[in-house]
Amino acid sequence: MALGSLNDLYRDKVILDHCRNPRNSAVLDLPDVSCEAINPFCGDEIRFQINLDDSDRVREVGFQGEGCAINQAAGSIVSEALNGLTLTDVLDLSKKFSRIMEASLPKDVVVADKEAINLGELSALYKVREFPVRVKCALLVWSALDSGISTLA
Amino acid sequence: MLDVQKIRNDFPILGREVNGHPLVYMDNAATTQKPRQVIQALVDYYENFNANVHRGVHTLSMEATDMYEDARKKVAKFINAGDPDTVIWTRNASESLNLVAYSWARENVESGENIVLTPMEHHSNLVPWQELTREKNAAIRYIPLDNEGVLDLSDIDSIIDDRTALVSVVHMSNALGTVNPIKKLCDLAHARGAKFLVDGAQSVPHMVVDVKEIDCDFMAFSGHKMMGPTGIGCLYAKKDVLEGMKPFLTGGEMVLEVSYEKASWADLPMKFEAGTPNIADAIALGVAVDYLEDIGMANIDEYERDLTGYALNKFIDVEEEGGKLFGPRNPDQRGGIISFDTPDIHPHDLGTLLDQMGIAVRTGHHCAMPLVRSLGVAATSRASFYVYNTKKEVDVLIEGILEAMRYFRDGVR
Ligand SMILES: Cc1ncc(COP(=O)(O)O)c(C=O)c1O
Ligand SMILES: [Zn+2]
């Protein structure tokens, strides 16, 4: 079928799983961190709430989104990946993920390919790189988190 | 009857493949493809005539000036403007609309007055008026829509009133395809002493548009949506209105006499064309107009109406699978723009899937964010036709949408 080259993305087990059963979708009341982002080009939306534990690590995440499958899967995967991280860790992970998604020089891509393997379920999103106009769908989650956390500082 | 195959042969890009499939280009509301004649006109100009206009006494400058002014005459004739001086070159419809907002409205709209728009305006015919009315302490009023996306004029006499300074309406909506009753609205505006502006960005390329018959005070449109190059657009306005307006940009070319203290303005149209203009693209737009007139705008309209009717019928297959069509059902009330929503697959994913099949459509809010939100969705998918599209391509589109929906049902949802 004509859609063969898309199977890497839309038939990926992790992405499918998170699209069908989004995690952490309940809205958290009075969260420690609350943030959102909208992609003005396509209307994708994402909202996060985060609660921290006594040692300032992520204890609980709420994620709600409106938009394409990539955006939805990214939100769900990230909502799980944040558990146990400090907010500084979250910002570092955000930087790292954006860097590997946007790597364009061949030498940077070689590094990104290696780093992507060790990101757990987040690695599934790395495949979005093959569809450059969709990369921002996978990164919207991170711009929400960046803006929410940096307004705290 | 028009020979589509012959037309297609004039468009080099239509021979292209995308992702291993023949290109099916259905994003014409965003920009249209260019025939070889237009592309060649650009090359020809730069190879044989390039010079600045209105300045030199040398041969090249005179030839370039003649070609440039000939293009203006062609465009004026195309929209039946009469006097070519009433056609002002701009970069695009957005700039034309801003020209009216800055040069006319800032001098003529007063506190307490209102500007009447529709809810289906492109951001380009919305944001300039938001800025203006905020500055002037004036109001924006909207003519409501019915649930098919057609203007509801039942209450129009209380919307357009004696405090209305301007009625500014899109002729054909780029987000819904709706064609608005421009002539009627123009008469209503004039009866209340208001000026009338038509956003012709989607109509001028596709149908016979006659500014004299409409009697509009202003009309804005873009060259790139009518087979011309990017970077050239037009503002038509009535001569007395233009003469009463202040310049938009000032500087070279637009002045009559300059001293160290002050300047006086050149006559129309130069008063509104500061600096070296976009000569090559204006000339190539003239060639695009020739090309369109060769086919005949009435023929283009008829052909696209037939194609749109065909597509709307075929779309029933998508509706049977839960798809939703926005905009009027009746082909007489709409142009060749089909905006829709598909269940289970977001427009963004649909766009990527269709692209894999070589089909170019637009997905998103189509620069009409408040309208798309009012439809209850964050985005729609939009296929928009031009005279080179075929029924066979419509079949490919519909089959592609159905296949993408099946693909998502089997997997993601
Ligand atoms: C109805 C309408 N008005 C205005 C515009 C703005 O045109 P441009 O981007 O060429 O200025 C568009 C372009 O999409 C349009 O569809
Ligand atoms: Zn998206």
# chains A, B, ... in the order shown; residues from 1 in each chain; ligands from 1
>>> select_by_dssp(residues="chain A", states="alpha helix (DSSP H)", output="PyMOL selection string")
chain A and resi 7-10+13-20+69-81+87-102+106-117+135-150
>>> select_by_dssp(residues="segment 2-149 of chain A", states="strand (DSSP E)", output="list in words")
Val33, Ser34, Cys35, Glu36, Ala37, Ile38, Glu45, Ile46, Arg47, Phe48, Gln49, Ile50, Asn51, Leu52, Val58, Arg59, Glu60, Val61, Gly62, Phe63, Gln64, Gly65 and Glu66 of chain A
>>> write_last_selection(atoms="C-alpha atoms", output="PDB file, in the first residue's frame")
ATOM      1  CA  VAL A  33       3.440  23.694  37.834  1.00  0.00           C
ATOM      2  CA  SER A  34       0.872  24.310  35.168  1.00  0.00           C
ATOM      3  CA  CYS A  35       1.639  25.144  31.566  1.00  0.00           C
ATOM      4  CA  GLU A  36       0.329  25.020  28.039  1.00  0.00           C
ATOM      5  CA  ALA A  37       1.393  25.616  24.459  1.00  0.00           C
ATOM      6  CA  ILE A  38      -0.366  26.100  21.158  1.00  0.00           C
ATOM      7  CA  GLU A  45      -2.671  22.298  21.841  1.00  0.00           C
ATOM      8  CA  ILE A  46      -1.123  20.788  24.911  1.00  0.00           C
ATOM      9  CA  ARG A  47      -1.574  21.353  28.664  1.00  0.00           C
ATOM     10  CA  PHE A  48       0.415  19.963  31.581  1.00  0.00           C
ATOM     11  CA  GLN A  49       0.057  19.982  35.342  1.00  0.00           C
ATOM     12  CA  ILE A  50       2.889  18.778  37.565  1.00  0.00           C
ATOM     13  CA  ASN A  51       3.028  18.040  41.301  1.00  0.00           C
ATOM     14  CA  LEU A  52       6.334  17.694  43.105  1.00  0.00           C
ATOM     15  CA  VAL A  58       8.016  15.102  39.825  1.00  0.00           C
ATOM     16  CA  ARG A  59       5.466  12.978  41.650  1.00  0.00           C
ATOM     17  CA  GLU A  60       2.365  13.388  39.520  1.00  0.00           C
ATOM     18  CA  VAL A  61       1.617  14.639  36.003  1.00  0.00           C
ATOM     19  CA  GLY A  62      -1.599  15.578  34.258  1.00  0.00           C
ATOM     20  CA  PHE A  63      -1.621  15.969  30.481  1.00  0.00           C
ATOM     21  CA  GLN A  64      -4.426  17.009  28.136  1.00  0.00           C
ATOM     22  CA  GLY A  65      -4.083  17.728  24.449  1.00  0.00           C
ATOM     23  CA  GLU A  66      -5.964  18.521  21.326  1.00  0.00           C
TER      24      GLU A  66
END
>>> residues_near_ligand(ligand="ligand 1", cutoff="10 Å", atoms="only C-alpha atoms and all ligand atoms", output="count of residues only")
48
>>> residues_around(residues="segment 127-135 of chain B", least_positions_apart="6", cutoff="8 Å", atoms="only C-alpha atoms", output="PyMOL selection string")
chain B and resi 97-98+101+105-106+114-115
>>> write_last_selection(atoms="N, CA and C atoms", output="compact mmCIF listing (two decimals), in the first residue's frame")
# COMPACT_ATOMS: atom_id res chain seq x y z
N LEU B 97 -4.66 45.64 1.70
CA LEU B 97 -5.62 45.88 2.79
C LEU B 97 -5.02 46.84 3.82
N ASN B 98 -3.75 46.66 4.10
CA ASN B 98 -3.09 47.57 5.04
C ASN B 98 -2.99 48.98 4.48
N ALA B 101 -6.16 50.52 5.27
CA ALA B 101 -6.28 50.77 6.71
C ALA B 101 -5.44 51.97 7.13
N ALA B 105 -8.39 54.68 6.13
CA ALA B 105 -9.17 54.56 7.37
C ALA B 105 -8.62 55.45 8.49
N ARG B 106 -7.30 55.58 8.58
CA ARG B 106 -6.77 56.38 9.67
C ARG B 106 -7.16 57.86 9.55
N ASN B 114 -18.28 52.51 13.22
CA ASN B 114 -18.02 51.07 13.18
C ASN B 114 -17.58 50.62 11.80
N ILE B 115 -16.90 49.47 11.80
CA ILE B 115 -16.47 48.81 10.57
C ILE B 115 -17.15 47.45 10.56
>>> residues_near_ligand(ligand="ligand 2", cutoff="8 Å", atoms="only C-alpha atoms and all ligand atoms", output="ChimeraX atom specification")
/A:39,42-44,67-71,134,136-138 /B:348-349
>>> write_last_selection(atoms="C-alpha atoms", output="PDB file, in the first residue's frame")
ATOM      1  CA  ASN A  39       1.088  25.594  17.732  1.00  0.00           C
ATOM      2  CA  CYS A  42      -1.827  23.823  12.948  1.00  0.00           C
ATOM      3  CA  GLY A  43      -3.871  24.431  16.086  1.00  0.00           C
ATOM      4  CA  ASP A  44      -2.281  21.629  18.126  1.00  0.00           C
ATOM      5  CA  GLY A  67      -4.364  17.715  18.037  1.00  0.00           C
ATOM      6  CA  CYS A  68      -2.662  15.214  15.806  1.00  0.00           C
ATOM      7  CA  ALA A  69      -1.522  11.730  16.733  1.00  0.00           C
ATOM      8  CA  ILE A  70       2.112  12.783  17.088  1.00  0.00           C
ATOM      9  CA  ASN A  71       1.232  15.591  19.451  1.00  0.00           C
ATOM     10  CA  ARG A 134       5.928  17.300  11.730  1.00  0.00           C
ATOM     11  CA  LYS A 136       7.176  20.661  15.736  1.00  0.00           C
ATOM     12  CA  CYS A 137       4.255  18.375  16.641  1.00  0.00           C
ATOM     13  CA  ALA A 138       6.664  16.314  18.725  1.00  0.00           C
TER      14      ALA A 138
ATOM     15  CA  HIS B 348      -2.419  17.203  10.512  1.00  0.00           C
ATOM     16  CA  ASP B 349      -1.994  13.439  10.210  1.00  0.00           C
TER      17      ASP B 349
END
>>> interface_residues(of="chain B", to="chain A", cutoff="7 Å", atoms="only C-alpha atoms", output="ChimeraX atom specification")
/B:346,348-349,353,356-357,363-365,378-379,411-413
